[in-house]
Each structure stands twice: as C-alpha cells, then as structure tokens.
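What's in run-v3.cif: mmCIF, C-alpha atoms; chains and numbers go by the auth columns
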```cif
data_final
loop_
_atom_site.group_PDB
_atom_site.id
_atom_site.type_symbol
_atom_site.label_atom_id
_atom_site.label_comp_id
_atom_site.label_asym_id
_atom_site.label_seq_id
_atom_site.Cartn_x
_atom_site.Cartn_y
_atom_site.Cartn_z
_atom_site.B_iso_or_equiv
_atom_site.auth_seq_id
_atom_site.auth_asym_id
ATOM 1 C CA MET A 1 17.765 -18.361 -28.585 0.00 194 W
ATOM 2 C CA LYS A 2 15.538 -16.875 -25.943 0.00 195 W
ATOM 3 C CA ASN A 3 15.343 -19.015 -22.857 0.00 196 W
ATOM 4 C CA TYR A 4 11.580 -18.876 -22.427 0.00 197 W
ATOM 5 C CA SER A 5 11.427 -22.044 -20.310 0.00 198 W
ATOM 6 C CA PHE A 6 13.775 -20.664 -17.672 0.00 199 W
ATOM 7 C CA LYS A 7 12.076 -17.275 -17.709 0.00 200 W
ATOM 8 C CA SER A 8 8.641 -18.888 -17.375 0.00 201 W
ATOM 9 C CA PHE A 9 9.842 -21.083 -14.540 0.00 202 W
ATOM 10 C CA PHE A 10 11.372 -18.088 -12.755 0.00 203 W
ATOM 11 C CA LEU A 11 8.233 -15.981 -13.114 0.00 204 W
ATOM 12 C CA LEU A 12 6.014 -18.858 -11.969 0.00 205 W
ATOM 13 C CA THR A 13 8.218 -19.484 -8.947 0.00 206 W
ATOM 14 C CA LEU A 14 8.230 -15.799 -8.089 0.00 207 W
ATOM 15 C CA ALA A 15 4.434 -15.634 -8.381 0.00 208 W
ATOM 16 C CA VAL A 16 4.031 -18.629 -6.055 0.00 209 W
ATOM 17 C CA LEU A 17 6.393 -17.119 -3.486 0.00 210 W
ATOM 18 C CA VAL A 18 4.576 -13.790 -3.591 0.00 211 W
ATOM 19 C CA ALA A 19 1.219 -15.513 -3.208 0.00 212 W
ATOM 20 C CA VAL A 20 2.432 -17.492 -0.213 0.00 213 W
ATOM 21 C CA MET A 21 4.016 -14.436 1.375 0.00 214 W
ATOM 22 C CA CYS A 22 0.829 -12.428 0.855 0.00 215 W
ATOM 23 C CA SER A 23 -1.240 -15.191 2.383 0.00 216 W
ATOM 24 C CA CYS A 24 0.949 -14.919 5.485 0.00 217 W
ATOM 25 C CA ASN A 25 -0.801 -11.632 6.241 0.00 218 W
ATOM 26 C CA THR A 26 -3.646 -13.530 7.895 0.00 219 W
ATOM 27 C CA ASN A 27 -2.404 -17.101 8.319 0.00 220 W
ATOM 28 C CA GLY A 28 -1.518 -16.779 12.012 0.00 221 W
ATOM 29 C CA GLU A 29 -3.506 -17.678 15.088 0.00 222 W
ATOM 30 C CA TYR A 30 -3.652 -17.032 18.820 0.00 223 W
ATOM 31 C CA VAL A 31 -2.504 -19.931 20.985 0.00 224 W
ATOM 32 C CA GLN A 32 -1.908 -20.633 24.654 0.00 225 W
ATOM 33 C CA ARG A 33 1.735 -21.419 25.377 0.00 226 W
ATOM 34 C CA ASN A 34 3.732 -21.584 28.591 0.00 227 W
ATOM 35 C CA GLY A 35 0.906 -20.073 30.626 0.00 228 W
ATOM 36 C CA THR A 36 0.392 -17.044 28.380 0.00 229 W
ATOM 37 C CA ILE A 37 -1.062 -16.081 24.992 0.00 230 W
ATOM 38 C CA CYS A 38 1.060 -15.960 21.860 0.00 231 W
ATOM 39 C CA TYR A 39 0.483 -15.050 18.258 0.00 232 W
ATOM 40 C CA SER A 40 1.780 -17.912 16.143 0.00 233 W
ATOM 41 C CA TYR A 41 2.594 -17.907 12.437 0.00 234 W
ATOM 42 C CA TRP A 42 4.800 -19.760 9.985 0.00 235 W
ATOM 43 C CA THR A 43 7.787 -18.306 8.105 0.00 236 W
ATOM 44 C CA PHE A 44 10.132 -19.646 5.428 0.00 237 W
ATOM 45 C CA SER A 45 13.225 -18.746 7.447 0.00 238 W
ATOM 46 C CA PHE A 46 12.295 -19.867 10.966 0.00 239 W
ATOM 47 C CA GLY A 47 9.318 -22.196 10.618 0.00 240 W
ATOM 48 C CA THR A 48 6.640 -21.673 13.271 0.00 241 W
ATOM 49 C CA VAL A 49 7.166 -18.489 15.303 0.00 242 W
ATOM 50 C CA PHE A 50 5.515 -17.641 18.628 0.00 243 W
ATOM 51 C CA LYS A 51 5.195 -14.003 19.704 0.00 244 W
ATOM 52 C CA GLU A 52 4.040 -13.409 23.279 0.00 245 W
ATOM 53 C CA LEU A 53 1.377 -10.737 23.654 0.00 246 W
ATOM 54 C CA PRO A 54 2.655 -7.923 25.906 0.00 247 W
ATOM 55 C CA GLY A 55 0.675 -7.372 29.104 0.00 248 W
ATOM 56 C CA VAL A 56 -2.005 -9.889 28.206 0.00 249 W
ATOM 57 C CA ASN A 57 -4.391 -11.377 30.767 0.00 250 W
ATOM 58 C CA PRO A 58 -4.624 -15.034 29.650 0.00 251 W
ATOM 59 C CA ALA A 59 -7.751 -15.726 31.693 0.00 252 W
ATOM 60 C CA GLU A 60 -9.659 -12.909 29.956 0.00 253 W
ATOM 61 C CA PHE A 61 -8.247 -13.230 26.452 0.00 254 W
ATOM 62 C CA LYS A 62 -10.487 -13.932 23.467 0.00 255 W
ATOM 63 C CA SER A 63 -9.582 -14.031 19.800 0.00 256 W
ATOM 64 C CA VAL A 64 -11.910 -11.982 17.613 0.00 257 W
ATOM 65 C CA ASN A 65 -10.482 -13.647 14.499 0.00 258 W
ATOM 66 C CA ASN A 66 -7.060 -14.936 13.458 0.00 259 W
ATOM 67 C CA TRP A 67 -5.463 -11.465 13.428 0.00 260 W
ATOM 68 C CA LEU A 68 -7.327 -9.555 16.147 0.00 261 W
ATOM 69 C CA GLY A 69 -7.668 -10.336 19.847 0.00 262 W
ATOM 70 C CA ARG A 70 -8.588 -8.727 23.172 0.00 263 W
ATOM 71 C CA ASP A 71 -8.637 -9.225 26.908 0.00 264 W
ATOM 72 C CA ASN A 72 -10.491 -7.146 29.488 0.00 265 W
ATOM 73 C CA LYS A 73 -8.088 -4.187 29.118 0.00 266 W
ATOM 74 C CA HIS A 74 -6.217 -4.507 25.829 0.00 267 W
ATOM 75 C CA VAL A 75 -6.629 -4.965 22.088 0.00 268 W
ATOM 76 C CA TYR A 76 -4.068 -6.802 19.947 0.00 269 W
ATOM 77 C CA PHE A 77 -3.460 -6.690 16.214 0.00 270 W
ATOM 78 C CA LYS A 78 -1.624 -9.968 15.729 0.00 271 W
ATOM 79 C CA GLU A 79 1.090 -9.691 18.421 0.00 272 W
ATOM 80 C CA LYS A 80 1.004 -5.882 18.530 0.00 273 W
ATOM 81 C CA LEU A 81 -0.569 -4.098 21.498 0.00 274 W
ATOM 82 C CA VAL A 82 -2.932 -1.446 20.123 0.00 275 W
ATOM 83 C CA LYS A 83 -2.490 1.416 22.549 0.00 276 W
ATOM 84 C CA GLY A 84 -5.659 3.227 23.559 0.00 277 W
ATOM 85 C CA ALA A 85 -8.066 0.837 21.843 0.00 278 W
ATOM 86 C CA ASP A 86 -11.231 -0.090 23.762 0.00 279 W
ATOM 87 C CA PRO A 87 -11.802 -3.874 23.906 0.00 280 W
ATOM 88 C CA ALA A 88 -15.433 -3.524 25.011 0.00 281 W
ATOM 89 C CA SER A 89 -16.525 -1.726 21.827 0.00 282 W
ATOM 90 C CA LEU A 90 -14.204 -3.449 19.360 0.00 283 W
ATOM 91 C CA GLU A 91 -15.595 -4.123 15.866 0.00 284 W
ATOM 92 C CA VAL A 92 -14.030 -5.537 12.697 0.00 285 W
ATOM 93 C CA LYS A 93 -14.403 -4.021 9.226 0.00 286 W
ATOM 94 C CA LYS A 94 -12.036 -5.860 6.884 0.00 287 W
ATOM 95 C CA TYR A 95 -8.425 -6.925 7.234 0.00 288 W
ATOM 96 C CA PRO A 96 -6.539 -4.985 8.493 0.00 289 W
ATOM 97 C CA LEU A 97 -9.136 -2.339 9.505 0.00 290 W
ATOM 98 C CA PHE A 98 -11.087 -2.321 12.787 0.00 291 W
ATOM 99 C CA TYR A 99 -12.617 0.268 15.083 0.00 292 W
ATOM 100 C CA ASP A 100 -13.980 1.016 18.534 0.00 293 W
ATOM 101 C CA LYS A 101 -16.201 3.781 19.905 0.00 294 W
ATOM 102 C CA LYS A 102 -13.308 6.263 19.761 0.00 295 W
ATOM 103 C CA ASP A 103 -11.325 5.645 16.589 0.00 296 W
ATOM 104 C CA TYR A 104 -10.460 3.509 13.565 0.00 297 W
ATOM 105 C CA TYR A 105 -7.264 1.457 13.372 0.00 298 W
ATOM 106 C CA TYR A 106 -5.303 0.251 10.341 0.00 299 W
ATOM 107 C CA MET A 107 -2.848 -2.558 11.022 0.00 300 W
ATOM 108 C CA GLY A 108 -2.992 -1.615 14.674 0.00 301 W
ATOM 109 C CA THR A 109 -2.256 2.085 14.117 0.00 302 W
ATOM 110 C CA ALA A 110 -4.844 4.606 15.291 0.00 303 W
ATOM 111 C CA LEU A 111 -5.980 6.865 12.463 0.00 304 W
ATOM 112 C CA GLY A 112 -7.183 9.713 14.672 0.00 305 W
ATOM 113 C CA VAL A 113 -10.397 10.190 12.698 0.00 306 W
ATOM 114 C CA ALA A 114 -12.332 13.411 13.058 0.00 307 W
ATOM 115 C CA ASN A 115 -15.684 11.643 13.424 0.00 308 W
ATOM 116 C CA THR A 116 -16.143 7.879 13.545 0.00 309 W
ATOM 117 C CA LYS A 117 -19.730 8.193 12.282 0.00 310 W
ATOM 118 C CA SER A 118 -18.606 9.959 9.093 0.00 311 W
ATOM 119 C CA PHE A 119 -15.670 7.632 8.398 0.00 312 W
ATOM 120 C CA GLU A 120 -16.026 5.890 5.034 0.00 313 W
ATOM 121 C CA VAL A 121 -13.765 3.568 3.068 0.00 314 W
ATOM 122 C CA VAL A 122 -13.953 4.700 -0.545 0.00 315 W
ATOM 123 C CA LYS A 123 -11.426 2.322 -2.148 0.00 316 W
ATOM 124 C CA TRP A 124 -9.989 -1.088 -1.303 0.00 317 W
ATOM 125 C CA ASN A 125 -7.318 -2.663 -3.465 0.00 318 W
ATOM 126 C CA ASP A 126 -5.679 -5.576 -1.700 0.00 319 W
ATOM 127 C CA ASP A 127 -2.906 -3.745 0.200 0.00 320 W
ATOM 128 C CA ASP A 128 -4.219 -0.224 -0.419 0.00 321 W
ATOM 129 C CA MET A 129 -7.017 1.625 1.379 0.00 322 W
ATOM 130 C CA TRP A 130 -8.384 5.105 0.754 0.00 323 W
ATOM 131 C CA ALA A 131 -10.875 6.529 3.242 0.00 324 W
ATOM 132 C CA ILE A 132 -12.401 9.856 4.245 0.00 325 W
ATOM 133 C CA ASP A 133 -14.322 11.398 7.092 0.00 326 W
ATOM 134 C CA GLY A 134 -15.768 14.876 7.383 0.00 327 W
ATOM 135 C CA ARG A 135 -12.336 16.479 7.667 0.00 328 W
ATOM 136 C CA TYR A 136 -9.476 14.206 6.596 0.00 329 W
ATOM 137 C CA ALA A 137 -8.567 11.656 3.954 0.00 330 W
ATOM 138 C CA TYR A 138 -6.552 8.524 4.694 0.00 331 W
ATOM 139 C CA TYR A 139 -4.219 6.316 2.711 0.00 332 W
ATOM 140 C CA ASP A 140 -3.733 3.143 4.741 0.00 333 W
ATOM 141 C CA SER A 141 -2.636 4.481 8.152 0.00 334 W
ATOM 142 C CA LEU A 142 -1.473 7.851 6.784 0.00 335 W
ATOM 143 C CA LYS A 143 -3.745 10.784 7.645 0.00 336 W
ATOM 144 C CA ILE A 144 -3.900 13.442 4.913 0.00 337 W
ATOM 145 C CA GLU A 145 -4.703 16.877 6.291 0.00 338 W
ATOM 146 C CA ASN A 146 -5.955 19.992 4.493 0.00 339 W
ATOM 147 C CA VAL A 147 -7.853 17.915 1.940 0.00 340 W
ATOM 148 C CA ASP A 148 -10.784 19.402 0.044 0.00 341 W
ATOM 149 C CA ILE A 149 -13.248 16.612 0.834 0.00 342 W
ATOM 150 C CA PRO A 150 -16.030 17.689 -1.606 0.00 343 W
ATOM 151 C CA THR A 151 -13.663 17.378 -4.594 0.00 344 W
ATOM 152 C CA PHE A 152 -11.610 14.417 -3.338 0.00 345 W
ATOM 153 C CA LYS A 153 -11.517 11.563 -5.880 0.00 346 W
ATOM 154 C CA ILE A 154 -9.663 8.262 -6.156 0.00 347 W
ATOM 155 C CA GLN A 155 -7.960 7.973 -9.538 0.00 348 W
ATOM 156 C CA THR A 156 -6.074 4.658 -9.238 0.00 349 W
ATOM 157 C CA TYR A 157 -5.107 2.306 -6.426 0.00 350 W
ATOM 158 C CA ASN A 158 -2.216 4.603 -5.432 0.00 351 W
ATOM 159 C CA CYS A 159 -3.418 8.010 -6.606 0.00 352 W
ATOM 160 C CA ALA A 160 -6.097 10.506 -5.564 0.00 353 W
ATOM 161 C CA THR A 161 -6.825 14.150 -6.307 0.00 354 W
ATOM 162 C CA ASP A 162 -8.790 17.094 -5.006 0.00 355 W
ATOM 163 C CA ARG A 163 -9.087 20.562 -6.517 0.00 356 W
ATOM 164 C CA ASN A 164 -5.735 21.582 -5.035 0.00 357 W
ATOM 165 C CA HIS A 165 -3.392 18.597 -5.093 0.00 358 W
ATOM 166 C CA VAL A 166 -2.429 15.202 -6.459 0.00 359 W
ATOM 167 C CA TYR A 167 -1.808 12.581 -3.765 0.00 360 W
ATOM 168 C CA ARG A 168 0.378 9.586 -4.575 0.00 361 W
ATOM 169 C CA TYR A 169 0.429 6.946 -1.858 0.00 362 W
ATOM 170 C CA GLY A 170 -1.150 9.599 0.359 0.00 363 W
ATOM 171 C CA LYS A 171 1.580 12.215 -0.155 0.00 364 W
ATOM 172 C CA ILE A 172 1.287 15.451 -2.125 0.00 365 W
ATOM 173 C CA MET A 173 3.087 15.508 -5.470 0.00 366 W
ATOM 174 C CA PRO A 174 4.698 18.947 -5.812 0.00 367 W
ATOM 175 C CA LEU A 175 3.972 20.749 -9.094 0.00 368 W
ATOM 176 C CA ALA A 176 1.337 18.219 -10.200 0.00 369 W
ATOM 177 C CA ASP A 177 -1.828 19.770 -11.631 0.00 370 W
ATOM 178 C CA PRO A 178 -4.859 17.784 -10.402 0.00 371 W
ATOM 179 C CA ALA A 179 -7.057 18.894 -13.307 0.00 372 W
ATOM 180 C CA THR A 180 -4.777 17.354 -15.968 0.00 373 W
ATOM 181 C CA TYR A 181 -2.835 14.686 -14.081 0.00 374 W
ATOM 182 C CA VAL A 182 -2.936 11.174 -15.554 0.00 375 W
ATOM 183 C CA GLU A 183 -1.606 8.368 -13.348 0.00 376 W
ATOM 184 C CA ASP A 184 -0.126 5.126 -14.689 0.00 377 W
ATOM 185 C CA TRP A 185 0.111 6.465 -18.197 0.00 378 W
ATOM 186 C CA ASN A 186 1.221 3.277 -19.926 0.00 379 W
ATOM 187 C CA GLY A 187 2.781 1.826 -16.805 0.00 380 W
ATOM 188 C CA LEU A 188 4.958 3.695 -14.347 0.00 381 W
ATOM 189 C CA TYR A 189 4.991 6.975 -16.243 0.00 382 W
ATOM 190 C CA SER A 190 2.478 9.726 -15.457 0.00 383 W
ATOM 191 C CA ARG A 191 1.970 13.308 -16.593 0.00 384 W
ATOM 192 C CA ASP A 192 0.027 16.525 -16.321 0.00 385 W
ATOM 193 C CA LYS A 193 -0.160 19.493 -18.685 0.00 386 W
ATOM 194 C CA ALA A 194 3.481 20.414 -18.183 0.00 387 W
ATOM 195 C CA HIS A 195 5.390 17.623 -16.413 0.00 388 W
ATOM 196 C CA ILE A 196 6.244 13.923 -16.703 0.00 389 W
ATOM 197 C CA TRP A 197 7.066 11.574 -13.826 0.00 390 W
ATOM 198 C CA TYR A 198 8.452 8.074 -13.529 0.00 391 W
ATOM 199 C CA SER A 199 7.247 6.214 -10.465 0.00 392 W
ATOM 200 C CA GLY A 200 6.482 9.555 -8.825 0.00 393 W
ATOM 201 C CA THR A 201 9.887 11.096 -9.603 0.00 394 W
ATOM 202 C CA LEU A 202 9.839 14.197 -11.803 0.00 395 W
ATOM 203 C CA LEU A 203 11.810 13.890 -15.036 0.00 396 W
ATOM 204 C CA GLU A 204 13.968 16.983 -15.272 0.00 397 W
ATOM 205 C CA ASP A 205 15.577 16.586 -18.701 0.00 398 W
ATOM 206 C CA VAL A 206 12.593 15.520 -20.795 0.00 399 W
ATOM 207 C CA ASP A 207 11.222 17.258 -23.878 0.00 400 W
ATOM 208 C CA TYR A 208 7.529 17.261 -23.035 0.00 401 W
ATOM 209 C CA GLU A 209 6.185 17.935 -26.527 0.00 402 W
ATOM 210 C CA THR A 210 7.953 14.971 -28.147 0.00 403 W
ATOM 211 C CA PHE A 211 7.790 12.473 -25.270 0.00 404 W
ATOM 212 C CA VAL A 212 6.059 9.227 -26.288 0.00 405 W
ATOM 213 C CA ILE A 213 5.744 5.638 -25.110 0.00 406 W
ATOM 214 C CA ASP A 214 5.479 2.999 -27.810 0.00 407 W
ATOM 215 C CA LYS A 215 6.968 -0.359 -28.759 0.00 408 W
ATOM 216 C CA LYS A 216 10.403 1.248 -28.617 0.00 409 W
ATOM 217 C CA GLY A 217 9.822 2.310 -25.011 0.00 410 W
ATOM 218 C CA ALA A 218 9.860 5.799 -23.508 0.00 411 W
ATOM 219 C CA ARG A 219 11.632 8.444 -25.581 0.00 412 W
ATOM 220 C CA ASP A 220 11.655 12.036 -26.758 0.00 413 W
ATOM 221 C CA LYS A 221 13.535 13.821 -29.531 0.00 414 W
ATOM 222 C CA LEU A 222 16.695 13.764 -27.432 0.00 415 W
ATOM 223 C CA GLY A 223 16.793 9.988 -26.910 0.00 416 W
ATOM 224 C CA HIS A 224 15.541 7.108 -24.792 0.00 417 W
ATOM 225 C CA PHE A 225 14.554 6.597 -21.142 0.00 418 W
ATOM 226 C CA TYR A 226 15.027 3.369 -19.222 0.00 419 W
ATOM 227 C CA ARG A 227 13.197 3.141 -15.914 0.00 420 W
ATOM 228 C CA GLY A 228 13.023 6.906 -15.735 0.00 421 W
ATOM 229 C CA GLN A 229 16.704 7.474 -16.550 0.00 422 W
ATOM 230 C CA ARG A 230 17.973 8.920 -19.815 0.00 423 W
ATOM 231 C CA VAL A 231 20.248 6.442 -21.599 0.00 424 W
ATOM 232 C CA THR A 232 22.265 6.467 -24.780 0.00 425 W
ATOM 233 C CA ASP A 233 21.079 4.642 -27.888 0.00 426 W
ATOM 234 C CA GLU A 234 23.723 1.969 -27.279 0.00 427 W
ATOM 235 C CA GLU A 235 22.620 1.491 -23.665 0.00 428 W
ATOM 236 C CA TRP A 236 19.001 1.305 -24.745 0.00 429 W
ATOM 237 C CA GLU A 237 19.723 -1.403 -27.329 0.00 430 W
ATOM 238 C CA ARG A 238 21.692 -3.424 -24.781 0.00 431 W
ATOM 239 C CA LEU A 239 19.064 -3.090 -22.034 0.00 432 W
ATOM 240 C CA SER A 240 16.256 -3.950 -24.451 0.00 433 W
ATOM 241 C CA ARG A 241 18.055 -7.115 -25.542 0.00 434 W
ATOM 242 C CA GLU A 242 18.642 -8.126 -21.912 0.00 435 W
ATOM 243 C CA GLU A 243 14.936 -7.709 -21.095 0.00 436 W
ATOM 244 C CA GLU A 244 14.032 -10.012 -23.988 0.00 437 W
ATOM 245 C CA LEU A 245 16.185 -12.865 -22.649 0.00 438 W
#
```
Take the structure in the file and give it back as structure tokens.
Amino acid sequence: MKNYSFKSFFLLTLAVLVAVMCSCNTNGEYVQRNGTICYSYWTFSFGTVFKELPGVNPAEFKSVNNWLGRDNKHVYFKEKLVKGADPASLEVKKYPLFYDKKDYYYMGTALGVANTKSFEVVKWNDDDMWAIDGRYAYYDSLKIENVDIPTFKIQTYNCATDRNHVYRYGKIMPLADPATYVEDWNGLYSRDKAHIWYSGTLLEDVDYETFVIDKKGARDKLGHFYRGQRVTDEEWERLSREEEL
C-alpha cells in the first residue's frame, strides 16, 4: 500500500521549512549592541545571530529598511559593506535591488550598469531578476555582455534569448538555437531543432526523432531516461515504483 499519509506529511513539512527559510531573506533588523550597530536575524541552528557592521559610524547610522542601512560614509546590505556605494543618493527598488547615482546593486553586489537612466527590470520572479540597460543584460548580479538588446526576450524565469544565443540563468547555452529553443518542455527537459537538454545539460545519446515525454516518462526508441540519465528497462521500473511510494 502506498504510504500517502507519510508522503503528505513529509511534503507539507518540507514546504513549511522552505517557506520559513525563504522568509528569512528579509526577517532581520538593525540593532544597537555593545556600542555599535549589528544586523540581527534568527536561524534554526543558532537562534538569534548578531553580525557587527564593519566600519560603521553608530552615531550616523540609519536603517533604510530591515535589509538596507547607511551611515555618513557607507552603505550596508544586511551586514555586508557595499563597497563604493554612495549613502547620500541611496534609493530602494525592490528586495534585494537598490541603486545610487552611480550604479545599481543586487544583494549588495554592484552591477556595473552602462547607464543608470536606461536600466530597466524586465522580469521579477521571486529569487530571479532579469534586467537590461542600453548595453548589457543582467541575471540577478550576473552581467551578460555582448547581448543583442533589441532582440533580447525573457522566455521563462530562468531563460532568455536574443538573436544569437540562449541564456540559462544568465549563461550562454552552447549549441542552442534561439529561434527554436523551448525551455521547460514538460518539466526539466528542453529542446531546440536538433538537441535535447535535461536541466541545462546536453543529452548526448538521445534519438531526437523518437524522443517523447508522456505518462511513461522520458524515452526514445532506445529506452528510458531518468533525471537526464539513460537507464535500463529494469532500472526504470524500479525507479518508477520508488517514486510512487
């Protein structure tokens, strides 16, 4: 008999833990402690943690919100000193993006934008950000150079294309044809006119013409795939049974 109650309990517990961990992204605060300023947050392993801000001037410090702070000379993303950021012109966009008169910053990392006035966020998806300016594209804090901005398009939360390349998590996928590439084709598999990938890894031993994904999983005329790896019929039956438990 399938143990649905245990599986449901496990999945529910995992979902709660993930939700709590995700909420920890912004659940901290700036506090005065022992004559200085600390960033304080709670963890499962250590309880409440206090991280002293390096080089901070306590008399001049002000919290912009619960994840961004500044004194008269410095900017802080949580407890991290943001080198080169200008506290006088600091502005917040949306967690974890902020900017000053010189640059944009993602999680405290300077993006090195070509022109702050042309910078535009084109896609937000929880933990994923795609942005462009007049010269570059950006995935989170990763700058993507040599992008064809006029043809740059976001396909999914982790995939973008221009006329020359496919970008997965901001990195070029070798061999991928941007005109025919389909991301998240029934899950982790993707393809273009001549290739198939699993989670961004090219499948080398696949028969493209007969490759399908259906109720029996991913397969071609030569056999089955499990998580991007070719397996025997016996292995496939065993792994399928284990997933049903």
Calculate how many Å separate atom CA of W:Asp326 from atom CA of W:Ile342, rounding to one decimal.
-> 8.2 Å
Determine, counting all atoms listed in the file, which protein, DNA and RNA residues have an atom within 10 Å of an atom of W:Trp323; residues of the same chain fewer than 3 positions away are not included. Present the result as a ChimeraX atom specification.
-> /W:313-318,330-335,346-347,350-353,362-363
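If you look at atom CA of W:Thr309 and atom CA of W:Asp296, they are 6.1 Å away from each other.
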Distance query stretch 279-289 of chain W at most 6 Å, all atoms listed in the file, self and fewer than 6 positions along chain excluded, as a PyMOL selection string | chain W and resi 263+267-268+299-300
Export of the given selection (C-alpha atoms) as a CSV table (one decimal), keeping the file's coordinate frame:
```csv
chain,number,residue,atom,x,y,z
W,263,ARG,CA,-8.6,-8.7,23.2
W,267,HIS,CA,-6.2,-4.5,25.8
W,268,VAL,CA,-6.6,-5.0,22.1
W,299,TYR,CA,-5.3,0.3,10.3
W,300,MET,CA,-2.8,-2.6,11.0
```
For the atom pair atom CA of W:Lys409 and atom CA of W:Trp390, what is the interatomic distance in Å to one decimal place?
-> 18.3 Å
With the file shown as input, list the residues that the PyMOL selection byres ((chain W and resi 269) around 10) selects, as a list in words.
-> Tyr232, Leu246, Pro247, Val249, Ser256, Val257, Trp260, Leu261, Gly262, Arg263, Asp264, His267, Val268, Phe270, Lys271, Glu272, Lys273, Leu274, Val275, Lys276, Ala278, Pro280, Met300 and Gly301 of chain W
Could you please take those selected residues and save C-alpha atoms as an mmCIF file, in the coordinates of the input?
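Output file out32.cif follows:
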```
data_model
loop_
_atom_site.group_PDB
_atom_site.id
_atom_site.type_symbol
_atom_site.label_atom_id
_atom_site.label_comp_id
_atom_site.auth_asym_id
_atom_site.auth_seq_id
_atom_site.Cartn_x
_atom_site.Cartn_y
_atom_site.Cartn_z
ATOM 1 C CA TYR W 232 0.483 -15.050 18.258
ATOM 2 C CA LEU W 246 1.377 -10.737 23.654
ATOM 3 C CA PRO W 247 2.655 -7.923 25.906
ATOM 4 C CA VAL W 249 -2.005 -9.889 28.206
ATOM 5 C CA SER W 256 -9.582 -14.031 19.800
ATOM 6 C CA VAL W 257 -11.910 -11.982 17.613
ATOM 7 C CA TRP W 260 -5.463 -11.465 13.428
ATOM 8 C CA LEU W 261 -7.327 -9.555 16.147
ATOM 9 C CA GLY W 262 -7.668 -10.336 19.847
ATOM 10 C CA ARG W 263 -8.588 -8.727 23.172
ATOM 11 C CA ASP W 264 -8.637 -9.225 26.908
ATOM 12 C CA HIS W 267 -6.217 -4.507 25.829
ATOM 13 C CA VAL W 268 -6.629 -4.965 22.088
ATOM 14 C CA PHE W 270 -3.460 -6.690 16.214
ATOM 15 C CA LYS W 271 -1.624 -9.968 15.729
ATOM 16 C CA GLU W 272 1.090 -9.691 18.421
ATOM 17 C CA LYS W 273 1.004 -5.882 18.530
ATOM 18 C CA LEU W 274 -0.569 -4.098 21.498
ATOM 19 C CA VAL W 275 -2.932 -1.446 20.123
ATOM 20 C CA LYS W 276 -2.490 1.416 22.549
ATOM 21 C CA ALA W 278 -8.066 0.837 21.843
ATOM 22 C CA PRO W 280 -11.802 -3.874 23.906
ATOM 23 C CA MET W 300 -2.848 -2.558 11.022
ATOM 24 C CA GLY W 301 -2.992 -1.615 14.674
#
```
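Proximity of W:Glu245, W:Asp319, W:Asp293, W:Glu376 to W:Val224, computed with all atoms listed in the file, is greatest for W:Glu245.
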Between W:Tyr391, W:Cys231, W:Trp378, W:Arg384, which has the minimum distance to W:Asp407 (counting all atoms listed in the file)?
->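 Nearest candidate to W:Asp407 out of W:Tyr391, W:Cys231, W:Trp378, W:Arg384: W:Trp378.
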Around (4.8, -18.1, 18.6) in the file's own coordinates, what residues are found within 9 Å if you use only C-alpha atoms, given back as a VMD selection string?
-> chain W and resid 223 to 224 226 230 to 235 241 to 245
Selection result for the PyMOL selection byres ((chain W and resi 357) around 12) on this file, as number ranges by chain = W: 339-346, 353-356, 358-360, 365-374
Pull out every residue that the PyMOL selection byres ((chain W and resi 399-404) around 6) matches in the shown coordinates and put them as a PyMOL selection string.
-> chain W and resi 397-398+405+412-414
Using all atoms listed in the file, pick whichever of W:Gly421, W:Gly380, W:Gly221, W:Gly410 has the shortest atom-to-atom distance to W:Leu396.
-> W:Gly421
Pick out the closest residue to W:Ala307 from this set: W:Lys294, W:Arg328, W:Lys408, W:His417. Count all atoms listed in the file.
->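 Checking each of W:Lys294, W:Arg328, W:Lys408, W:His417 against W:Ala307, counting all atoms listed in the file, the winner is W:Arg328.
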Would you place a box with edges along x, y and z of the file around all atoms of stretch 400-417 of chain W listed there, add 8 Å to each of its six sides, and report the centre and edge lengths in Å to one decimal, as JSON?
```
{"center_x": 11.1, "center_y": 8.8, "center_z": -26.3, "size_x": 27.3, "size_y": 34.3, "size_z": 22.5}
```
With all atoms listed in the file as the atoms that count, which of W:Gly240, W:Ile406, W:Arg434, W:Thr394 lies nearest to W:Gln422?
-> W:Thr394
Could you check which of W:Tyr382, W:His388, W:Lys266, W:Phe254 is closest to W:Phe418, using all atoms listed in the file?
->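 When distances to W:Phe418 are compared using all atoms listed in the file, the smallest one comes from W:Tyr382.
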